[in-house]
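J.: Input file: upload-v7.cif. Contents: mmCIF, C-alpha atoms.
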data_query
#
loop_
_atom_site.label_atom_id
_atom_site.label_comp_id
_atom_site.auth_asym_id
_atom_site.auth_seq_id
_atom_site.Cartn_x
_atom_site.Cartn_y
_atom_site.Cartn_z
CA MET A 225 -51.48 19.16 -1.68
CA LYS A 226 -49.64 20.70 1.23
CA ALA A 227 -51.08 18.01 3.49
CA LEU A 228 -49.73 15.25 1.26
CA LEU A 229 -46.28 16.84 1.08
CA LYS A 230 -46.22 17.29 4.84
CA ARG A 231 -47.29 13.70 5.43
CA ASP A 232 -44.74 12.26 3.01
CA LEU A 233 -41.89 14.27 4.53
CA MET A 234 -43.00 13.32 8.04
CA LEU A 235 -43.13 9.64 7.10
CA ALA A 236 -39.69 9.81 5.48
CA LEU A 237 -38.16 11.32 8.59
CA ARG A 238 -39.74 8.92 11.09
CA ALA A 239 -38.36 5.50 11.89
CA GLY A 240 -38.42 3.14 8.93
CA GLY A 241 -38.97 6.00 6.51
CA GLY A 242 -35.73 5.31 4.69
CA PHE A 243 -34.47 8.87 4.81
CA GLY A 244 -30.70 8.86 4.39
CA LEU A 245 -30.55 5.39 2.86
CA GLY A 246 -30.02 6.84 -0.62
CA LEU A 247 -27.41 9.17 0.76
CA ALA A 248 -25.54 6.34 2.50
CA PHE A 249 -25.65 4.31 -0.71
CA PHE A 250 -24.21 7.27 -2.65
CA LEU A 251 -21.41 7.55 -0.12
CA ILE A 252 -20.54 3.86 -0.29
CA VAL A 253 -20.60 3.65 -4.09
CA THR A 254 -18.29 6.65 -4.31
CA VAL A 255 -15.93 5.23 -1.73
CA LEU A 256 -15.79 1.93 -3.59
CA VAL A 257 -14.66 3.55 -6.86
CA PRO A 258 -11.04 4.27 -5.81
CA PHE A 259 -10.83 0.69 -4.53
CA SER A 260 -11.87 -0.69 -7.89
CA VAL A 261 -9.96 1.60 -10.31
CA GLY A 262 -6.93 2.29 -8.11
CA PRO A 263 -5.83 5.45 -6.28
CA ASP A 264 -4.27 7.21 -9.30
CA PRO A 265 -5.27 10.90 -8.79
CA VAL A 266 -5.15 11.78 -12.49
CA LEU A 267 -7.47 8.92 -13.40
CA LEU A 268 -9.84 9.77 -10.53
CA THR A 269 -9.97 13.43 -11.55
CA SER A 270 -10.96 12.49 -15.07
CA ILE A 271 -13.71 10.05 -14.06
CA ALA A 272 -15.02 11.93 -10.98
CA PRO A 273 -17.92 13.85 -12.64
CA GLY A 274 -19.24 10.74 -14.36
CA VAL A 275 -18.91 8.54 -11.27
CA LEU A 276 -20.65 11.09 -9.08
CA TRP A 277 -23.50 11.42 -11.54
CA LEU A 278 -23.88 7.67 -11.88
CA GLY A 279 -23.78 7.26 -8.10
CA ALA A 280 -26.47 9.90 -7.62
CA LEU A 281 -28.63 8.27 -10.28
CA LEU A 282 -28.37 4.83 -8.68
CA SER A 283 -29.11 6.17 -5.19
CA CYS A 284 -32.19 7.85 -6.60
CA LEU A 285 -33.27 4.58 -8.21
CA LEU A 286 -32.77 2.68 -4.96
CA SER A 287 -35.48 4.54 -3.09
CA LEU A 288 -38.06 4.52 -5.88
CA ASP A 289 -39.81 1.26 -5.06
CA ARG A 290 -40.95 2.75 -1.74
CA LEU A 291 -42.39 5.80 -3.48
CA LEU A 292 -45.83 4.30 -4.19
CA ALA A 293 -45.63 0.67 -3.04
CA LEU A 294 -46.29 1.43 0.63
CA ASP A 295 -49.29 3.60 -0.17
CA PHE A 296 -50.58 0.90 -2.50
CA GLU A 297 -50.33 -1.85 0.09
CA ASP A 298 -52.22 -0.02 2.84
CA GLY A 299 -54.94 1.21 0.50
CA THR A 300 -53.97 4.89 0.63
CA LEU A 301 -53.71 5.10 -3.16
CA ASP A 302 -57.31 3.89 -3.61
CA LEU A 303 -58.48 6.51 -1.17
CA LEU A 304 -56.34 9.24 -2.76
CA ALA A 305 -57.75 8.34 -6.16
CA THR A 306 -61.27 9.04 -4.85
CA ALA A 307 -60.20 12.27 -3.10
CA PRO A 308 -60.80 15.73 -4.57
CA LEU A 309 -57.08 16.10 -5.30
CA PRO A 310 -56.38 15.12 -8.94
CA LEU A 311 -54.10 12.10 -9.17
CA GLU A 312 -51.71 14.10 -11.37
CA ALA A 313 -51.24 16.63 -8.57
CA ALA A 314 -50.92 13.93 -5.92
CA LEU A 315 -48.16 12.20 -7.92
CA SER A 316 -46.34 15.48 -8.58
CA VAL A 317 -46.36 16.14 -4.85
CA LYS A 318 -45.10 12.63 -4.11
CA ALA A 319 -42.29 13.12 -6.65
CA LEU A 320 -41.45 16.45 -5.02
CA ALA A 321 -41.34 14.80 -1.58
CA HIS A 322 -39.07 12.10 -3.04
CA TRP A 323 -36.75 14.74 -4.46
CA LEU A 324 -36.63 16.67 -1.18
CA THR A 325 -35.76 13.54 0.79
CA THR A 326 -33.46 11.87 -1.77
CA GLY A 327 -32.34 14.21 -4.55
CA LEU A 328 -31.63 17.30 -2.48
CA PRO A 329 -29.40 15.52 0.08
CA LEU A 330 -27.43 14.05 -2.85
CA VAL A 331 -26.88 17.53 -4.29
CA VAL A 332 -25.62 18.75 -0.92
CA ALA A 333 -23.35 15.74 -0.34
CA ALA A 334 -21.86 15.65 -3.85
CA PRO A 335 -19.09 18.27 -3.27
CA VAL A 336 -17.82 16.37 -0.21
CA LEU A 337 -17.66 13.16 -2.20
CA GLY A 338 -16.07 15.09 -5.08
CA LEU A 339 -13.21 15.82 -2.72
CA MET A 340 -12.66 12.09 -2.21
CA LEU A 341 -12.52 11.53 -5.96
CA ASN A 342 -10.09 14.41 -6.47
CA LEU A 343 -12.55 16.41 -8.59
CA ALA A 344 -10.94 19.37 -10.36
CA PRO A 345 -11.56 22.62 -8.42
CA ALA A 346 -13.41 24.25 -11.31
CA GLY A 347 -15.89 21.37 -11.37
CA TYR A 348 -17.56 21.76 -7.96
CA GLY A 349 -19.96 24.53 -8.92
CA TRP A 350 -20.93 22.82 -12.17
CA LEU A 351 -21.37 19.46 -10.45
CA VAL A 352 -23.73 20.91 -7.84
CA ALA A 353 -25.59 22.94 -10.47
CA SER A 354 -26.02 19.99 -12.83
CA LEU A 355 -27.22 17.72 -10.03
CA ALA A 356 -29.60 20.37 -8.69
CA VAL A 357 -31.07 20.83 -12.16
CA GLY A 358 -31.06 17.17 -13.14
CA THR A 359 -32.18 15.21 -10.06
CA PRO A 360 -35.79 16.52 -10.10
CA ALA A 361 -36.18 14.80 -13.47
CA LEU A 362 -34.93 11.55 -11.89
CA SER A 363 -37.65 11.75 -9.23
CA VAL A 364 -40.43 12.57 -11.70
CA ILE A 365 -39.42 9.84 -14.17
CA GLY A 366 -38.99 7.45 -11.25
CA CYS A 367 -42.50 8.24 -10.10
CA PHE A 368 -43.74 7.12 -13.51
CA GLY A 369 -41.81 3.85 -13.20
CA ALA A 370 -43.18 3.32 -9.70
CA ALA A 371 -46.75 3.90 -10.91
CA LEU A 372 -46.20 1.45 -13.75
CA THR A 373 -45.00 -1.39 -11.50
CA VAL A 374 -46.83 -0.69 -8.25
CA GLY A 375 -49.27 -3.57 -8.64
CA VAL A 376 -46.56 -6.07 -9.51
CA LYS A 377 -45.26 -8.27 -6.72
CA ARG A 378 -41.53 -7.69 -6.35
CA GLY A 379 -41.68 -5.12 -9.10
CA GLY A 380 -38.51 -3.38 -7.92
CA LEU A 381 -36.18 -4.98 -10.43
CA LEU A 382 -38.67 -4.62 -13.26
CA MET A 383 -38.98 -0.96 -12.38
CA SER A 384 -35.21 -0.49 -12.54
CA LEU A 385 -35.18 -2.05 -16.00
CA LEU A 386 -37.95 0.27 -17.16
CA VAL A 387 -36.65 3.43 -15.53
CA LEU A 388 -32.91 3.23 -16.28
CA PRO A 389 -33.28 3.69 -20.06
CA LEU A 390 -35.47 6.73 -19.40
CA TYR A 391 -32.69 8.16 -17.25
CA VAL A 392 -30.18 8.09 -20.12
CA PRO A 393 -30.79 11.62 -21.52
CA THR A 394 -30.61 13.16 -18.06
CA LEU A 395 -27.41 11.27 -17.31
CA ILE A 396 -25.79 12.26 -20.61
CA PHE A 397 -26.44 15.97 -20.28
CA GLY A 398 -25.91 16.08 -16.52
CA ALA A 399 -22.58 14.26 -16.58
CA GLU A 400 -21.52 16.23 -19.66
CA ALA A 401 -22.17 19.53 -17.90
CA ALA A 402 -20.22 18.38 -14.85
CA ARG A 403 -17.34 17.03 -16.98
CA ARG A 404 -17.00 20.15 -19.13
CA GLY A 405 -17.15 22.29 -16.01
CA ALA A 406 -14.37 20.26 -14.40
CA GLU A 407 -12.21 20.55 -17.51
CA GLY A 408 -12.75 24.28 -17.71
CA LEU A 409 -14.77 24.12 -20.93
CA ASP A 410 -18.05 25.88 -21.54
CA ALA A 411 -20.69 23.83 -19.71
CA MET A 412 -23.64 26.12 -20.21
CA THR A 413 -25.07 24.34 -23.27
CA PRO A 414 -25.50 20.89 -21.69
CA LEU A 415 -26.78 22.52 -18.51
CA ILE A 416 -29.46 24.40 -20.43
CA LEU A 417 -30.43 21.25 -22.31
CA LEU A 418 -30.62 19.44 -18.97
CA ALA A 419 -32.86 22.18 -17.58
CA GLY A 420 -35.09 21.82 -20.63
CA LEU A 421 -35.30 18.07 -20.13
CA THR A 422 -36.18 18.50 -16.47
CA SER A 423 -38.84 21.11 -17.20
CA ALA A 424 -40.41 18.92 -19.86
CA THR A 425 -40.52 15.83 -17.63
CA ILE A 426 -41.97 17.82 -14.72
CA ALA A 427 -44.66 19.20 -17.02
CA LEU A 428 -45.58 15.98 -18.83
CA MET A 429 -44.64 12.97 -16.72
CA PRO A 430 -47.31 13.39 -13.99
CA PHE A 431 -50.01 12.90 -16.63
CA ALA A 432 -48.43 9.67 -17.80
CA SER A 433 -47.91 8.53 -14.20
CA ALA A 434 -51.53 9.25 -13.25
CA ALA A 435 -52.81 7.47 -16.36
CA VAL A 436 -50.86 4.28 -15.66
CA LEU A 437 -51.73 4.42 -11.97
CA ARG A 438 -55.45 4.60 -12.77
CA MET A 439 -54.92 1.52 -14.91
CA THR A 440 -53.12 -0.26 -12.08
CA LEU A 441 -55.75 0.56 -9.46
CA ARG A 442 -58.57 -0.99 -11.48
CA MET B 118 -60.79 26.25 -5.14
CA ARG B 119 -60.66 22.91 -3.39
CA TRP B 120 -62.31 24.05 -0.19
CA LEU B 121 -64.98 25.92 -2.14
CA SER B 122 -66.10 22.72 -3.79
CA PHE B 123 -66.25 21.14 -0.36
CA ARG B 124 -68.45 23.59 1.40
CA SER B 125 -71.09 23.08 -1.25
CA GLU B 126 -70.72 19.31 -1.09
CA ALA B 127 -71.21 19.02 2.64
CA ALA B 128 -74.53 20.76 2.34
CA ARG B 129 -75.57 19.02 -0.85
CA ALA B 130 -77.93 16.09 -0.80
CA VAL B 131 -77.23 13.88 -3.77
CA THR B 132 -79.21 11.08 -5.34
CA LEU B 133 -77.13 8.33 -6.82
CA THR B 134 -78.73 6.89 -9.93
CA VAL B 135 -77.51 3.66 -11.46
CA ARG B 136 -78.99 2.57 -14.77
CA ASN B 137 -78.46 -0.74 -16.49
CA LEU B 138 -74.93 -1.07 -15.18
CA THR B 139 -72.57 -3.84 -16.27
CA ILE B 140 -69.33 -4.20 -14.37
CA ALA B 141 -66.31 -6.39 -14.93
CA ARG B 142 -63.44 -7.74 -12.92
CA GLY B 143 -60.27 -8.75 -14.71
CA GLY B 144 -62.03 -8.29 -18.04
CA LEU B 145 -64.87 -10.70 -17.20
CA PRO B 146 -68.35 -9.29 -16.61
CA VAL B 147 -69.58 -10.10 -13.09
CA LEU B 148 -72.83 -8.15 -12.80
CA SER B 149 -75.11 -6.85 -15.52
CA GLY B 150 -78.41 -5.02 -15.89
CA LEU B 151 -78.09 -3.45 -12.45
CA SER B 152 -80.36 -0.44 -11.82
CA PHE B 153 -81.15 1.28 -8.55
CA LEU B 154 -81.64 4.62 -6.90
CA LEU B 155 -79.97 5.72 -3.68
CA GLU B 156 -81.71 8.78 -2.27
CA PRO B 157 -80.61 11.18 0.46
CA GLY B 158 -81.26 9.71 3.89
CA GLN B 159 -81.37 6.20 2.52
CA ALA B 160 -79.11 3.26 3.31
CA MET B 161 -78.78 0.21 1.13
CA ILE B 162 -77.24 -3.10 2.13
CA LEU B 163 -75.48 -5.10 -0.57
CA ARG B 164 -75.72 -8.83 -0.19
CA GLY B 165 -74.45 -11.73 -2.22
CA PRO B 166 -72.10 -14.67 -1.90
CA ASN B 167 -68.30 -14.27 -1.99
CA GLY B 168 -67.17 -13.31 -5.45
CA ALA B 169 -70.60 -12.05 -6.47
CA GLY B 170 -69.17 -8.65 -7.33
CA LYS B 171 -69.98 -6.51 -4.29
CA THR B 172 -66.49 -5.05 -4.04
CA THR B 173 -66.28 -4.54 -7.80
CA LEU B 174 -69.61 -2.71 -7.74
CA LEU B 175 -68.46 -0.40 -4.94
CA ARG B 176 -65.13 0.27 -6.66
CA THR B 177 -66.88 1.02 -9.94
CA LEU B 178 -69.31 3.43 -8.31
CA ALA B 179 -66.45 5.12 -6.44
CA GLY B 180 -64.78 5.76 -9.80
CA LEU B 181 -61.81 3.46 -9.30
CA GLN B 182 -62.66 1.48 -12.40
CA PRO B 183 -64.87 2.20 -15.39
CA PRO B 184 -68.13 0.28 -15.95
CA LEU B 185 -68.47 -1.93 -19.04
CA ALA B 186 -71.88 -0.52 -19.86
CA GLY B 187 -74.65 1.52 -18.34
CA GLU B 188 -74.53 4.83 -16.55
CA VAL B 189 -74.03 6.20 -13.08
CA SER B 190 -75.02 9.73 -12.18
CA GLY B 191 -74.50 11.73 -9.02
CA ALA B 192 -71.20 10.01 -8.24
CA ASP B 193 -68.79 12.84 -9.12
CA ASP B 194 -66.91 13.98 -6.02
CA THR B 195 -69.73 12.85 -3.77
CA ILE B 196 -68.52 9.42 -2.70
CA ALA B 197 -66.43 8.54 0.31
CA TYR B 198 -65.10 5.05 -0.25
CA ALA B 199 -63.86 2.69 2.46
CA GLY B 200 -62.46 -0.58 1.18
CA HIS B 201 -60.83 -3.55 2.86
CA ALA B 202 -57.68 -1.54 3.59
CA ASP B 203 -57.89 1.47 5.87
CA GLY B 204 -55.13 3.59 4.34
CA LEU B 205 -53.44 4.19 7.68
CA LYS B 206 -49.79 4.98 8.23
CA ALA B 207 -48.26 2.99 11.06
CA MET B 208 -45.73 5.69 11.92
CA LEU B 209 -48.30 8.48 12.24
CA SER B 210 -50.48 8.97 15.29
CA VAL B 211 -54.25 8.57 15.24
CA SER B 212 -54.88 12.30 15.03
CA GLU B 213 -52.13 12.81 12.42
CA ASN B 214 -53.71 10.15 10.23
CA LEU B 215 -57.12 11.80 10.52
CA ARG B 216 -55.71 15.28 10.09
CA PHE B 217 -54.13 14.25 6.80
CA TRP B 218 -57.42 13.01 5.35
CA ALA B 219 -59.29 16.02 6.72
CA ASP B 220 -56.79 18.30 4.95
CA VAL B 221 -57.02 16.35 1.71
CA PHE B 222 -60.80 16.67 1.77
CA GLY B 223 -60.63 20.32 2.86
CA GLN B 224 -62.27 19.83 6.24
CA GLN B 225 -61.20 21.49 9.47
CA ARG B 226 -62.52 19.66 12.49
CA LEU B 227 -61.67 16.19 13.75
CA ASP B 228 -63.85 16.27 16.88
CA ALA B 229 -66.89 14.55 15.45
CA ALA B 230 -64.78 11.75 14.00
CA LEU B 231 -62.76 11.23 17.19
CA ASP B 232 -65.88 11.21 19.36
CA ALA B 233 -68.03 8.99 17.15
CA TYR B 234 -65.57 6.10 17.39
CA ARG B 235 -64.25 6.89 20.88
CA LEU B 236 -60.74 7.57 19.64
CA ARG B 237 -59.99 10.37 22.10
CA GLU B 238 -57.93 8.25 24.46
CA LEU B 239 -55.98 6.85 21.49
CA GLU B 240 -55.42 10.23 19.85
CA HIS B 241 -51.64 10.33 20.35
CA ARG B 242 -50.92 6.64 19.85
CA LEU B 243 -49.13 5.61 16.68
CA ALA B 244 -51.54 3.85 14.34
CA GLY B 245 -49.08 0.96 14.08
CA THR B 246 -49.57 0.14 17.76
CA LEU B 247 -53.37 -0.13 17.55
CA SER B 248 -55.27 -3.41 17.56
CA ALA B 249 -57.05 -4.56 14.40
CA GLY B 250 -60.42 -3.38 15.69
CA GLN B 251 -59.04 0.00 16.75
CA LYS B 252 -57.45 0.44 13.33
CA ARG B 253 -60.76 -0.33 11.72
CA ARG B 254 -62.47 2.26 13.92
CA LEU B 255 -59.88 4.82 12.85
CA GLY B 256 -60.38 3.82 9.20
CA LEU B 257 -64.14 4.29 9.51
CA SER B 258 -63.80 7.60 11.33
CA ARG B 259 -62.06 8.86 8.19
CA LEU B 260 -65.47 8.94 6.48
CA LEU B 261 -66.57 11.61 8.92
CA VAL B 262 -63.78 13.96 7.88
CA THR B 263 -64.50 13.66 4.15
CA GLY B 264 -67.69 15.71 4.26
CA ARG B 265 -69.06 13.68 1.37
CA PRO B 266 -72.74 12.75 1.14
CA ILE B 267 -72.54 9.17 -0.14
CA TRP B 268 -70.65 6.52 1.83
CA MET B 269 -69.55 3.34 0.10
CA LEU B 270 -68.49 0.75 2.63
CA ASP B 271 -66.99 -2.61 1.87
CA GLU B 272 -67.37 -5.02 4.82
CA PRO B 273 -67.00 -2.20 7.35
CA THR B 274 -67.54 -4.37 10.43
CA VAL B 275 -64.64 -6.75 9.89
CA SER B 276 -62.69 -7.13 13.19
CA LEU B 277 -65.06 -4.81 15.06
CA ASP B 278 -66.49 -5.93 18.42
CA LYS B 279 -70.13 -5.50 19.43
CA ASP B 280 -69.65 -2.04 20.91
CA ALA B 281 -67.74 -0.81 17.89
CA VAL B 282 -70.42 -2.14 15.56
CA ALA B 283 -72.92 -0.12 17.57
CA MET B 284 -70.70 2.98 17.20
CA PHE B 285 -70.59 2.36 13.48
CA ALA B 286 -74.37 1.93 13.25
CA ALA B 287 -74.85 5.16 15.20
CA ALA B 288 -72.44 7.01 12.89
CA VAL B 289 -74.30 5.74 9.82
CA LYS B 290 -77.66 6.72 11.32
CA ALA B 291 -76.39 10.22 12.12
CA HIS B 292 -75.06 10.51 8.57
CA LEU B 293 -78.42 9.45 7.12
CA GLY B 294 -80.16 11.92 9.43
CA GLN B 295 -78.08 14.74 7.90
CA GLY B 296 -79.28 13.87 4.42
CA GLY B 297 -76.40 11.57 3.55
CA SER B 298 -76.75 8.10 2.12
CA ALA B 299 -74.81 4.86 2.41
CA LEU B 300 -74.24 1.76 0.35
CA ILE B 301 -72.90 -1.00 2.59
CA ALA B 302 -71.68 -4.46 1.68
CA THR B 303 -72.03 -6.53 4.83
CA HIS B 304 -73.27 -9.86 6.11
CA ILE B 305 -74.31 -8.88 9.61
CA ASP B 306 -77.42 -7.09 10.78
CA LEU B 307 -76.50 -3.51 11.67
CA GLY B 308 -79.89 -2.54 13.07
CA ILE B 309 -80.22 0.19 10.48
CA GLU B 310 -83.40 0.58 8.50
CA ALA B 311 -82.19 -0.20 5.03
CA GLU B 312 -83.17 -1.68 1.74
CA THR B 313 -81.41 -4.85 0.73
CA LEU B 314 -79.97 -5.31 -2.71
CA ASP B 315 -79.02 -8.88 -3.51
CA VAL B 316 -76.46 -8.65 -6.28
CA GLY B 317 -76.72 -12.39 -6.90
CA ALA B 318 -79.84 -11.70 -8.99
CA TYR B 319 -77.81 -9.68 -11.49
CA LYS B 320 -75.08 -12.21 -12.11
CA ALA B 321 -73.65 -11.74 -15.58
CA ASP B 322 -73.05 -14.47 -18.07
CA PRO B 323 -69.24 -14.47 -18.29
CA ASN B 324 -69.42 -15.23 -22.00
CA ALA B 325 -72.03 -12.62 -22.81
CA LEU B 326 -69.53 -9.85 -23.37
CA SER B 327 -66.49 -11.80 -24.34
CA GLY B 328 -63.69 -9.66 -25.63
CA ALA B 329 -64.47 -7.12 -22.93
CA SER B 330 -60.84 -7.00 -21.98
CA ASP B 331 -59.02 -4.00 -20.62
CA GLU B 332 -58.11 -2.92 -24.14
CA ALA B 333 -61.71 -1.87 -24.60
CA PHE B 334 -61.13 1.01 -22.20
CA LEU B 335 -57.90 2.26 -23.65
#
For the structure just supplied, provide its representation as structure tokens.
T.:
Amino acid sequence: MKALLKRDLMLALRAGGGFGLGLAFFLIVTVLVPFSVGPDPVLLTSIAPGVLWLGALLSCLLSLDRLLALDFEDGTLDLLATAPLPLEAALSVKALAHWLTTGLPLVVAAPVLGLMLNLAPAGYGWLVASLAVGTPALSVIGCFGAALTVGVKRGGLLMSLLVLPLYVPTLIFGAEAARRGAEGLDAMTPLILLAGLTSATIALMPFASAAVLRMTLR
Amino acid sequence: MRWLSFRSEAARAVTLTVRNLTIARGGLPVLSGLSFLLEPGQAMILRGPNGAGKTTLLRTLAGLQPPLAGEVSGADDTIAYAGHADGLKAMLSVSENLRFWADVFGQQRLDAALDAYRLRELEHRLAGTLSAGQKRRLGLSRLLVTGRPIWMLDEPTVSLDKDAVAMFAAAVKAHLGQGGSALIATHIDLGIEAETLDVGAYKADPNALSGASDEAFL
């Protein structure tokens, strides 16, 4: 498992690995928002948590089609499926590698982008906390979507259509926690619900992902 | 736990038993009534025209797809499969590629694999910069770091030159000498003492098991 994590991280960091693409996309989306809604600070403050969450979610989605497609094309998935490592574990590790290279940088960059959107001072901690708790679920659910569409030529768009609805609960509770935090309300309840959602997806999703991947590899 | 299972495997000599096997591709039966025994130290060459079901047979035995009927014993965690694709990462070096598979299969040493296919001088080259034949050699050397007793090879000599074919034949002979076995789908003469299994004789009647769609496995 360690070997797979190491390899995935190494591949992401080398040329063509796509590390930082999600982050750059997040940056650009966030910068575009003031252009589209106008520079009114009050308006920006009120929409900042939601925009940041949506931006993070879309950046996560952007990098998903590389998650399994490359390994499928060069035959690595076939070989992994016959390896002693259970496919469930292999997919969990791949989701973890995806989170480390996509989700974690988003969590770190979010406060800086919050500054650009005039996020209320009380909201920074809650924003980072909600993203840190919520983005692992995005990677794990995304891994399921990637496994479902990996055999489909140009399955990227199909995958987005399948994955986005599954992201809704995470988005609702994550953005709610960030919004309540920014408005100085109690944000603990949505954050705990978000943590529950994330824990459940981490525990259950790899089994679904491995099952559909076995079907695809046939 | 993983490496424990390995140590025992490397030393284990396994007989692969196939009884009355029926296999399907895309829901249509391609081979039926197939029975054979592959004993330690034995090599078997699969022959048959294109589309006869050689690849499907190898994939089924490797556990990548379920058989329609019949039984296979001795195939659990004993098979090292090498298909048409080598599962190499272009941005990793030759030794990094091998190291990854050695780690996944719980093996330590790469020396035997590097020497058998004369990959020493290429050790630090990125796999993406290798020629087709060199890539194939690297893909085949992977079998030596799996430590598994039964090799399943699908057209292993594609894009190999005469010398490399000789390296491959020598590697297979050494593997057989250590009590391993090999099932090879190929059209050229490898100079290995082996039984020939012509799968054409077991061609299934496509209508015989109609309704054998994927739903049957669900």
J.: For the provided coordinates, the residues matched by the PyMOL selection byres ((chain A) within 8 of (chain B)) should be stated as a PyMOL selection string.
T.: chain A and resi 225+227-228+231+235+238-239+295+298-303+305-309+438+441-442
J.: Measuring between only C-alpha atoms, which one of B:Ile140, B:Ala249, B:Leu133, B:Leu257 shows the shortest distance to Met161 in chain B?
T.: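 Checking each of B:Ile140, B:Ala249, B:Leu133, B:Leu257 against Met161 in chain B, counting only C-alpha atoms, the winner is B:Leu133.
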J.: Excluding same-chain residues fewer than 6 positions from Arg254 in chain B, what lies within 9 Å of it counting all atoms listed in the file, as a PyMOL selection string?
T.: chain B and resi 234-236+277+281+284-285
J.: So what does the PyMOL selection byres ((chain A and resi 353-355) around 8) actually pick up in this one, as a short mmCIF file (atom, residue, chain, number, x, y, z; two decimals) with C-alpha atoms, in the frame of the given file?
T.:
data_model
loop_
_atom_site.label_atom_id
_atom_site.label_comp_id
_atom_site.auth_asym_id
_atom_site.auth_seq_id
_atom_site.Cartn_x
_atom_site.Cartn_y
_atom_site.Cartn_z
CA TRP A 277 -23.50 11.42 -11.54
CA VAL A 331 -26.88 17.53 -4.29
CA GLY A 349 -19.96 24.53 -8.92
CA TRP A 350 -20.93 22.82 -12.17
CA LEU A 351 -21.37 19.46 -10.45
CA VAL A 352 -23.73 20.91 -7.84
CA ALA A 356 -29.60 20.37 -8.69
CA VAL A 357 -31.07 20.83 -12.16
CA GLY A 358 -31.06 17.17 -13.14
CA THR A 359 -32.18 15.21 -10.06
CA GLY A 398 -25.91 16.08 -16.52
CA ALA A 399 -22.58 14.26 -16.58
CA ALA A 401 -22.17 19.53 -17.90
CA ALA A 402 -20.22 18.38 -14.85
CA LEU A 415 -26.78 22.52 -18.51
CA LEU A 418 -30.62 19.44 -18.97
#
J.: Translate the PyMOL selection byres ((chain A and resi 362-370) around 6) into a concrete residue list for this structure, as a list in words.
T.: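 Output from the PyMOL selection byres ((chain A and resi 362-370) around 6), applied to this file: Ala319, Trp323, Thr359, Pro360, Ala361, Ala371, Leu372, Thr373, Val374, Met383, Val387 and Ser433 of chain A.
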J.: Here is a test: counting only C-alpha atoms, which residue of A:Leu382, A:Val332, A:Leu315, A:Leu395 is nearest to Val436 in chain A?
T.: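 Closest to Val436 in chain A of all the choices is A:Leu315.
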